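work00.cif (mmCIF, C-alpha atoms) appears below.
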data_entry
#
loop_
_atom_site.label_atom_id
_atom_site.label_comp_id
_atom_site.auth_asym_id
_atom_site.auth_seq_id
_atom_site.Cartn_x
_atom_site.Cartn_y
_atom_site.Cartn_z
CA MET A 15 74.01 49.35 10.37
CA PRO A 16 71.12 48.27 12.59
CA THR A 17 67.74 47.71 10.94
CA THR A 18 65.18 50.22 12.12
CA LEU A 19 61.48 49.63 12.54
CA PHE A 20 60.73 51.63 9.38
CA ALA A 21 63.16 49.55 7.34
CA GLN A 22 61.42 46.32 8.42
CA TYR A 23 58.05 47.65 7.30
CA ASN A 24 59.49 48.70 3.93
CA LEU A 25 60.90 45.19 3.35
CA THR A 26 57.57 43.56 4.17
CA LEU A 27 55.74 45.96 1.87
CA ARG A 28 58.13 45.19 -0.96
CA LYS A 29 57.61 41.43 -0.53
CA THR A 30 53.84 41.86 -0.52
CA ALA A 31 53.94 43.96 -3.66
CA ALA A 32 56.13 41.38 -5.37
CA VAL A 33 53.79 38.56 -4.47
CA LEU A 34 50.76 40.52 -5.72
CA LEU A 35 52.57 41.29 -8.96
CA VAL A 36 53.40 37.63 -9.53
CA ALA A 37 49.80 36.66 -8.73
CA MET A 38 48.42 39.16 -11.22
CA VAL A 39 50.79 37.92 -13.90
CA LEU A 40 49.72 34.32 -13.25
CA MET A 41 46.05 35.29 -13.36
CA LEU A 42 46.58 37.09 -16.66
CA LEU A 43 48.39 34.10 -18.14
CA ASP A 44 45.68 31.74 -16.87
CA SER A 45 42.95 33.81 -18.50
CA LYS A 46 44.82 33.74 -21.82
CA ASN A 47 45.99 30.11 -21.74
CA PRO A 48 44.02 28.10 -19.13
CA ASP A 49 45.41 24.79 -20.39
CA TRP A 50 48.86 25.65 -19.06
CA PHE A 51 47.69 25.51 -15.46
CA ASN A 52 45.41 22.43 -15.65
CA PRO A 53 48.07 20.08 -14.19
CA ILE A 54 48.53 22.46 -11.25
CA ARG A 55 44.76 22.57 -10.64
CA ASP A 56 44.48 18.77 -10.77
CA THR A 57 47.33 18.41 -8.31
CA SER A 58 45.80 20.93 -5.90
CA HIS A 59 42.38 19.24 -6.04
CA SER A 60 43.94 15.86 -5.34
CA ALA A 61 45.81 17.30 -2.40
CA MET A 62 42.56 18.76 -0.99
CA GLN A 63 40.58 15.50 -1.31
CA PRO A 64 41.58 14.12 2.13
CA ILE A 65 40.49 17.41 3.69
CA TYR A 66 37.06 17.14 2.04
CA GLN A 67 36.65 13.59 3.30
CA MET A 68 37.63 14.59 6.82
CA SER A 69 35.07 17.41 6.75
CA VAL A 70 32.15 14.99 6.10
CA LEU A 71 33.39 12.42 8.61
CA PRO A 72 31.35 13.84 11.56
CA THR A 73 28.12 13.64 9.51
CA PHE A 74 28.89 10.07 8.47
CA VAL A 75 29.59 9.07 12.06
CA SER A 76 26.34 10.70 13.21
CA HIS A 77 24.21 8.80 10.66
CA TRP A 78 25.97 5.57 11.47
CA ALA A 79 25.37 6.04 15.18
CA ASP A 80 21.67 6.84 14.65
CA GLY A 81 21.17 3.70 12.57
CA THR A 82 23.07 1.51 15.01
CA LEU A 83 21.38 2.79 18.13
CA MET A 84 17.83 2.53 16.70
CA SER A 85 16.07 -0.22 18.64
CA LYS A 86 14.37 -3.22 17.09
CA GLU A 87 11.09 -2.10 18.66
CA ALA A 88 11.26 1.24 16.82
CA LEU A 89 11.91 -0.56 13.54
CA ARG A 90 9.00 -2.89 14.18
CA ARG A 91 6.63 0.01 14.90
CA GLU A 92 7.74 1.81 11.75
CA ASN A 93 7.27 -1.34 9.66
CA VAL A 94 3.75 -1.92 11.01
CA GLN A 95 2.78 1.70 10.38
CA LEU A 96 4.06 1.64 6.80
CA HIS A 97 2.28 -1.65 6.15
CA ALA A 98 -0.99 -0.19 7.46
CA GLN A 99 -0.64 2.86 5.23
CA LEU A 100 -0.01 0.63 2.20
CA LEU A 101 -3.10 -1.49 2.90
CA HIS A 102 -5.16 1.66 3.38
CA ALA A 103 -4.05 3.24 0.09
CA GLN A 104 -4.51 0.09 -2.00
CA ALA A 105 -7.97 -0.54 -0.56
CA LYS A 106 -9.05 2.98 -1.57
CA LEU A 107 -7.64 2.57 -5.08
CA GLN A 108 -9.55 -0.60 -5.87
CA GLN A 109 -12.80 1.02 -4.68
CA GLN A 110 -12.22 4.09 -6.85
CA ASP A 111 -11.55 1.95 -9.94
CA TYR A 112 -14.86 0.19 -9.46
CA VAL A 113 -16.81 3.45 -9.06
CA LEU A 114 -15.35 4.87 -12.28
CA ALA A 115 -16.23 1.73 -14.24
CA GLN A 116 -19.78 1.58 -12.89
CA ASN A 117 -20.50 5.27 -13.49
CA ALA A 118 -19.35 5.01 -17.10
CA ARG A 119 -21.52 1.95 -17.84
CA LEU A 120 -24.65 2.52 -15.71
CA GLN A 121 -25.36 6.24 -15.95
CA GLY A 122 -28.70 7.13 -14.42
CA ILE A 123 -29.71 3.48 -13.84
CA LEU A 124 -28.37 3.04 -10.32
CA SER A 125 -30.25 4.54 -7.40
CA THR A 126 -28.88 7.65 -5.79
CA THR A 127 -28.43 6.35 -2.26
CA LYS A 128 -26.23 8.47 -0.01
CA PRO A 129 -22.72 6.96 0.05
CA ASP A 130 -21.85 4.93 3.12
CA GLN A 131 -18.78 5.64 5.16
CA TYR A 132 -16.35 2.99 6.33
CA GLU A 133 -13.39 3.14 8.62
CA LEU A 134 -10.72 0.47 8.48
CA ASN A 135 -9.65 -1.28 11.66
CA LEU A 136 -6.31 -3.01 11.27
CA ALA A 137 -6.26 -6.46 12.87
CA GLN A 138 -3.63 -9.16 13.05
CA VAL A 139 -4.20 -12.85 12.36
CA ILE A 140 -3.22 -14.64 15.57
CA GLY A 141 -4.52 -18.15 14.92
CA THR A 142 -6.71 -20.53 12.93
CA ASP A 143 -9.80 -22.56 13.79
CA THR A 144 -9.29 -25.89 15.54
CA ASN A 145 -11.25 -27.61 12.78
CA PRO A 146 -8.84 -28.06 9.84
CA LEU A 147 -11.76 -28.41 7.44
CA LYS A 148 -13.01 -24.91 8.18
CA GLN A 149 -11.57 -21.78 6.57
CA ILE A 150 -11.63 -19.65 9.73
CA VAL A 151 -8.93 -17.44 11.24
CA VAL A 152 -8.76 -15.69 14.61
CA LEU A 153 -8.09 -11.94 14.81
CA ASN A 154 -6.69 -9.89 17.70
CA LYS A 155 -9.54 -7.35 17.64
CA GLY A 156 -12.91 -7.80 19.34
CA SER A 157 -15.96 -5.97 20.65
CA LYS A 158 -13.78 -3.55 22.62
CA ASP A 159 -12.40 -2.37 19.27
CA GLY A 160 -15.82 -1.95 17.64
CA VAL A 161 -15.81 -5.28 15.80
CA GLN A 162 -19.29 -6.70 15.12
CA VAL A 163 -20.70 -9.84 13.57
CA GLY A 164 -21.24 -9.43 9.84
CA GLN A 165 -18.49 -6.92 9.19
CA THR A 166 -16.33 -7.52 6.12
CA ALA A 167 -12.56 -8.00 6.21
CA ILE A 168 -10.31 -7.19 3.27
CA ASP A 169 -6.62 -6.97 2.46
CA GLU A 170 -4.80 -4.84 -0.10
CA ASN A 171 -5.93 -7.14 -2.93
CA GLY A 172 -9.57 -7.92 -2.24
CA ILE A 173 -12.22 -9.44 0.04
CA LEU A 174 -11.10 -11.95 2.67
CA GLY A 175 -14.30 -12.86 4.47
CA GLN A 176 -16.87 -11.95 7.10
CA ILE A 177 -16.81 -11.77 10.91
CA ILE A 178 -18.93 -14.59 12.40
CA ASN A 179 -18.04 -14.48 16.12
CA VAL A 180 -16.97 -11.59 18.35
CA TYR A 181 -15.43 -11.72 21.81
CA PRO A 182 -14.11 -8.87 23.99
CA ASN A 183 -10.55 -9.00 22.63
CA THR A 184 -10.72 -11.39 19.67
CA SER A 185 -12.98 -12.32 16.77
CA ARG A 186 -13.35 -15.13 14.22
CA LEU A 187 -13.29 -14.47 10.49
CA LEU A 188 -14.94 -16.89 8.04
CA LEU A 189 -13.01 -16.70 4.77
CA ILE A 190 -14.80 -16.71 1.43
CA THR A 191 -12.84 -19.85 0.54
CA ASP A 192 -14.95 -21.83 3.02
CA GLU A 193 -17.53 -24.18 1.50
CA LEU A 194 -20.34 -22.43 3.42
CA GLN A 195 -19.38 -18.96 2.21
CA SER A 196 -20.52 -17.23 -0.98
CA VAL A 197 -20.22 -13.75 -2.51
CA SER A 198 -22.45 -12.03 -5.02
CA VAL A 199 -20.20 -10.75 -7.83
CA THR A 200 -20.24 -8.87 -11.11
CA VAL A 201 -18.02 -9.60 -14.11
CA ARG A 202 -16.16 -6.31 -14.60
CA ARG A 203 -15.95 -6.64 -18.39
CA THR A 204 -19.60 -7.44 -19.11
CA GLY A 205 -21.52 -6.52 -15.96
CA GLN A 206 -23.01 -10.02 -15.68
CA ARG A 207 -23.91 -11.12 -12.17
CA ALA A 208 -23.12 -14.45 -10.57
CA ILE A 209 -22.21 -16.14 -7.28
CA VAL A 210 -18.72 -17.12 -6.14
CA THR A 211 -18.56 -19.94 -3.58
CA GLY A 212 -15.70 -21.43 -1.61
CA GLU A 213 -14.13 -24.82 -2.29
CA GLY A 214 -12.60 -25.43 1.13
CA THR A 215 -9.07 -24.56 -0.03
CA PRO A 216 -7.30 -21.18 0.13
CA SER A 217 -6.33 -21.21 -3.53
CA THR A 218 -9.55 -21.90 -5.43
CA LEU A 219 -13.09 -20.54 -5.71
CA LYS A 220 -16.00 -21.61 -7.89
CA LEU A 221 -18.11 -19.35 -10.10
CA ASP A 222 -21.75 -20.48 -10.17
CA TYR A 223 -24.83 -19.67 -12.22
CA ILE A 224 -23.12 -18.79 -15.49
CA PHE A 225 -25.07 -20.07 -18.48
CA LYS A 226 -23.33 -21.86 -21.33
CA THR A 227 -24.26 -19.04 -23.70
CA SER A 228 -22.78 -16.34 -21.45
CA ASP A 229 -19.81 -14.23 -22.53
CA ILE A 230 -17.20 -15.27 -19.97
CA ARG A 231 -13.47 -15.57 -20.60
CA VAL A 232 -10.36 -16.68 -18.78
CA GLY A 233 -8.86 -13.65 -17.07
CA ASP A 234 -12.16 -11.83 -16.43
CA GLU A 235 -12.08 -9.98 -13.10
CA LEU A 236 -14.88 -10.54 -10.59
CA ILE A 237 -16.02 -7.64 -8.38
CA SER A 238 -18.40 -7.79 -5.42
CA SER A 239 -21.81 -6.51 -6.50
CA GLY A 240 -23.24 -5.66 -3.07
CA LEU A 241 -26.45 -7.65 -3.65
CA GLY A 242 -27.88 -8.97 -0.41
CA GLY A 243 -25.94 -6.44 1.68
CA ARG A 244 -23.54 -9.06 3.08
CA PHE A 245 -20.46 -7.66 1.35
CA PRO A 246 -19.93 -4.05 0.14
CA ALA A 247 -19.82 -3.45 -3.59
CA GLY A 248 -16.72 -2.65 -5.58
CA TYR A 249 -14.04 -4.91 -4.05
CA ARG A 250 -12.10 -7.54 -5.95
CA VAL A 251 -13.07 -11.15 -5.32
CA GLY A 252 -11.05 -13.08 -7.89
CA ARG A 253 -10.21 -13.74 -11.52
CA VAL A 254 -11.45 -16.48 -13.87
CA GLU A 255 -8.68 -19.06 -14.07
CA TYR A 256 -10.17 -22.06 -15.92
CA ILE A 257 -13.37 -22.89 -17.85
CA SER A 258 -14.00 -26.60 -18.05
CA PRO A 259 -15.11 -27.96 -21.44
CA GLU A 260 -17.38 -30.43 -19.60
CA GLN A 261 -20.51 -28.57 -18.59
CA ASN A 262 -23.24 -29.59 -16.14
CA GLU A 263 -26.75 -29.11 -17.50
CA ASN A 264 -27.15 -25.42 -18.42
CA PHE A 265 -24.27 -23.92 -16.45
CA MET A 266 -20.50 -23.72 -16.93
CA ASN A 267 -17.89 -25.17 -14.58
CA ILE A 268 -15.57 -22.26 -13.85
CA ASP A 269 -12.61 -22.10 -11.47
CA VAL A 270 -11.63 -18.75 -9.95
CA THR A 271 -8.34 -17.65 -8.41
CA PRO A 272 -8.99 -15.50 -5.31
CA ALA A 273 -7.81 -11.91 -5.40
CA ALA A 274 -6.92 -11.78 -1.70
CA ASP A 275 -3.93 -13.61 -0.25
CA PHE A 276 -5.33 -16.29 2.06
CA VAL A 277 -1.97 -17.99 2.68
CA ASN A 278 0.39 -15.18 3.68
CA SER A 279 -2.07 -12.65 5.07
CA SER A 280 -0.77 -11.52 8.48
CA TYR A 281 -2.90 -8.38 8.73
CA VAL A 282 -6.47 -7.68 7.65
CA LEU A 283 -8.63 -4.57 7.47
CA ILE A 284 -12.06 -4.81 9.11
CA MET A 285 -14.56 -2.48 7.44
CA GLN A 286 -16.62 -0.71 10.09
CA ASP A 287 -19.33 1.88 9.86
CA SER A 288 -18.08 5.22 11.10
CA GLU A 289 -20.46 5.16 14.07
CA HIS A 290 -18.99 1.86 15.26
CA ALA A 291 -15.35 2.52 14.48
CA PRO A 292 -13.09 2.94 17.51
CA ASN A 293 -10.95 5.97 18.28
CA PHE A 294 -7.39 4.74 17.84
CA ARG A 295 -4.93 5.89 20.48
CA ASP A 296 -2.08 3.52 19.66
CA ASP A 297 0.83 5.52 18.25
CA ARG A 298 1.78 2.58 16.05
CA PHE A 299 -1.19 3.19 13.77
CA ALA A 300 -1.95 6.84 14.40
CA GLY A 301 -3.07 8.60 11.26
CA SER A 302 -2.72 5.51 9.08
CA LEU A 303 -6.17 3.90 9.28
CA GLU A 304 -8.61 6.76 8.73
CA LEU A 305 -10.74 6.15 5.64
CA THR A 306 -13.63 8.48 5.00
CA GLN A 307 -16.16 8.94 2.23
CA ILE A 308 -15.48 5.75 0.33
CA PRO A 309 -18.20 5.80 -2.29
CA TYR A 310 -20.59 2.85 -2.15
CA VAL A 311 -22.32 2.08 -5.41
CA PRO A 312 -25.61 0.32 -4.64
CA PRO A 313 -27.07 -2.35 -6.93
CA SER A 314 -29.61 -1.42 -9.54
CA ARG A 315 -33.29 -1.36 -8.61
CA SER A 316 -34.91 -4.74 -8.88
CA ILE A 317 -37.75 -5.14 -11.31
CA GLU A 318 -40.84 -6.57 -9.67
CA SER A 319 -42.28 -9.48 -11.52
CA LYS A 320 -45.90 -9.19 -12.38
#
Let me see the file written as structure tokens.
Amino acid sequence: MPTTLFAQYNLTLRKTAAVLLVAMVLMLLDSKNPDWFNPIRDTSHSAMQPIYQMSVLPTFVSHWADGTLMSKEALRRENVQLHAQLLHAQAKLQQQDYVLAQNARLQGILSTTKPDQYELNLAQVIGTDTNPLKQIVVLNKGSKDGVQVGQTAIDENGILGQIINVYPNTSRLLLITDELQSVSVTVRRTGQRAIVTGEGTPSTLKLDYIFKTSDIRVGDELISSGLGGRFPAGYRVGRVEYISPEQNENFMNIDVTPAADFVNSSYVLIMQDSEHAPNFRDDRFAGSLELTQIPYVPPSRSIESK
């Protein structure tokens, strides 16, 4: 007897109903005894694992291609920008630490001068002075970039030195480790003032004018005091490394380890007044060098001798 169209539909309906019935029975058994079907689940998940891996393959290939095709120039620009941002952030942190310490110890004693504003101009060290006895480096920023004689240069750790010569595209920086350079400092722990002078080597400074009876210890941190106006206040200069037991006359012989890195410093930050700071258009440093409203804590009022 030939199978009619209606008979074919009835057979298909019966098969569907049977499959649904078996599925419902399996679901009921699984809800009552889930442990029975754990081996089946594990097998199905294992079988699907290659499909999952194939589904993420296009994303993996895309990331791999992006990383491979990125040029060395793009990586260099990104590295320079990140380095500039790090220097900027660390310079702000050390200034804020100093302000907090001074405000807690010298409430109402310091004058209320309006805070100065500095902008940081990132410069690269491109050479050293021809005289090996001088602690001078050459920077790739000059008068066209707003650099002026007397401006201070720092790194992420502390003060490096002061600009002594300016040319259109370059400038010369006299480091504080030079024998002709000195910085007025304050001992952070006690507030005592002194002078740090260079020794002609990038690894050692000398702390002068500390009396034998003064409270000074190995490890004391020295901060620029701002006296004389040559260097701004609140930046790290060094740390007391050694106090010699042999003293000269009334003063101690004290060695200081510089805070800044004078050996491996490839980039420096030149502190410029906001009115002299250039408008940066280079996309390598865009948005990474702006520093506004850094508080400057002036020295206490001098007492006139009668």
Test item: residues at most 10 Å from segment 178-183 of chain A, all atoms listed in the file, excluding those fewer than 2 positions along its chain, as a list in words: Ile150, Val152, Leu153, Asn154, Lys155, Gly156, Ser157, Lys158, Asp159, Gly160, Val161, Gln162, Val163, Gly164, Gln165, Thr166, Gly175, Gln176, Ser185, Arg186, Leu187, Leu188 and Leu189 of chain A
Just C-alpha atoms for this one: save the residues we selected as an mmCIF file, keeping the file's coordinate frame.
data_model
loop_
_atom_site.group_PDB
_atom_site.id
_atom_site.type_symbol
_atom_site.label_atom_id
_atom_site.label_comp_id
_atom_site.auth_asym_id
_atom_site.auth_seq_id
_atom_site.Cartn_x
_atom_site.Cartn_y
_atom_site.Cartn_z
ATOM 1 C CA ILE A 150 -11.630 -19.650 9.730
ATOM 2 C CA VAL A 152 -8.760 -15.690 14.610
ATOM 3 C CA LEU A 153 -8.090 -11.940 14.810
ATOM 4 C CA ASN A 154 -6.690 -9.890 17.700
ATOM 5 C CA LYS A 155 -9.540 -7.350 17.640
ATOM 6 C CA GLY A 156 -12.910 -7.800 19.340
ATOM 7 C CA SER A 157 -15.960 -5.970 20.650
ATOM 8 C CA LYS A 158 -13.780 -3.550 22.620
ATOM 9 C CA ASP A 159 -12.400 -2.370 19.270
ATOM 10 C CA GLY A 160 -15.820 -1.950 17.640
ATOM 11 C CA VAL A 161 -15.810 -5.280 15.800
ATOM 12 C CA GLN A 162 -19.290 -6.700 15.120
ATOM 13 C CA VAL A 163 -20.700 -9.840 13.570
ATOM 14 C CA GLY A 164 -21.240 -9.430 9.840
ATOM 15 C CA GLN A 165 -18.490 -6.920 9.190
ATOM 16 C CA THR A 166 -16.330 -7.520 6.120
ATOM 17 C CA GLY A 175 -14.300 -12.860 4.470
ATOM 18 C CA GLN A 176 -16.870 -11.950 7.100
ATOM 19 C CA SER A 185 -12.980 -12.320 16.770
ATOM 20 C CA ARG A 186 -13.350 -15.130 14.220
ATOM 21 C CA LEU A 187 -13.290 -14.470 10.490
ATOM 22 C CA LEU A 188 -14.940 -16.890 8.040
ATOM 23 C CA LEU A 189 -13.010 -16.700 4.770
#
For this structure, which residues satisfy the selection - the PyMOL selection byres ((chain A and resi 248) around 7) - when it is evaluated on the file as given? I want them as a list in words.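 Listing what the PyMOL selection byres ((chain A and resi 248) around 7) selects in the shown file: Gln109, Tyr112, Ile237, Ser238, Ser239, Pro246, Ala247, Tyr249 and Arg250 of chain A.
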Please evaluate the PyMOL selection byres ((chain A and resi 212) around 12) against the displayed coordinates and give the resulting residues as a PyMOL selection string. chain A and resi 148-149+174-175+188-197+209-211+213-222+251-252+269-272
Would you be able to write out as a list in words which residues have an atom within 6 Å of (-8.0, -8.2, 6.6) in the file's coordinates, counting all atoms listed in the file? Ala167, Ile168, Asp169, Tyr281, Val282, Leu283 and Ile284 of chain A
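Straight-line separation from atom CA of Gln110 of chain A to atom CA of Gly172 of chain A: 13.1 Å.
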Length of the atom CA of Thr26 of chain A to atom CA of Leu43 of chain A vector [Å]: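 Atom-to-atom, atom CA of Thr26 of chain A and atom CA of Leu43 of chain A are spaced 25.9 Å apart.
For the pair atom CA of Val232 of chain A and atom CA of Val254 of chain A, the separation is 5.0 Å.
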Using only C-alpha atoms, determine which residues lie at most 9 Å from Asn171 of chain A, disregarding the query and same-chain residues fewer than 6 positions distant; provide the list as a VMD selection string. chain A and resid 101 104 to 105 108 249 to 251 273 to 275
I'd like the residues picked by the PyMOL selection byres ((chain A and resi 235) around 6) written out as a short mmCIF file (atom, residue, chain, number, x, y, z; two decimals) with C-alpha atoms, in the frame of the given file, using the chain letters and numbers from the file.
data_model
loop_
_atom_site.label_atom_id
_atom_site.label_comp_id
_atom_site.auth_asym_id
_atom_site.auth_seq_id
_atom_site.Cartn_x
_atom_site.Cartn_y
_atom_site.Cartn_z
CA ARG A 202 -16.16 -6.31 -14.60
CA ASP A 234 -12.16 -11.83 -16.43
CA LEU A 236 -14.88 -10.54 -10.59
CA ARG A 253 -10.21 -13.74 -11.52
#
So, with only C-alpha atoms as the atoms that count, which of A:Glu92, A:Glu255, A:Asp229, A:Asp44 lies closest to Arg203 of chain A? A:Asp229
Pick the closest to Ile140 of chain A from A:Ser279, A:Ser60, A:Asp49, A:Val201: which is it, counting all atoms listed in the file? A:Ser279
Pick the closest to Ile230 of chain A from A:Pro146, A:Pro53, A:Gly205, A:Gly242: which is it, counting all atoms listed in the file? A:Gly205
Which is closer to Asn135 of chain A than all the others in A:Leu107, A:Val199, A:Met285, A:Ile54, using only C-alpha atoms?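 Between A:Leu107, A:Val199, A:Met285, A:Ile54, the residue approaching Asn135 of chain A most closely is A:Met285.
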As AutoDock Vina command-line options: centre and edge lengths in Å, one decimal, of the axis-aligned box holding segment 193-212 of chain A with 4 Å per side:
--center_x -19.8 --center_y -15.2 --center_z -7.8 --size_x 16.2 --size_y 25.9 --size_z 30.5
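With only C-alpha atoms as the atoms that count, the residue of A:Glu133, A:Asp143, A:Asp56, A:Asp111 with the shortest distance to Ser288 of chain A is A:Glu133.
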For each of A:Ala208, A:Leu40, A:Val151, A:Met266, take the minimum atom-to-atom distance to Leu241 of chain A, counting all atoms listed in the file, then give the residue where this is smallest. A:Ala208
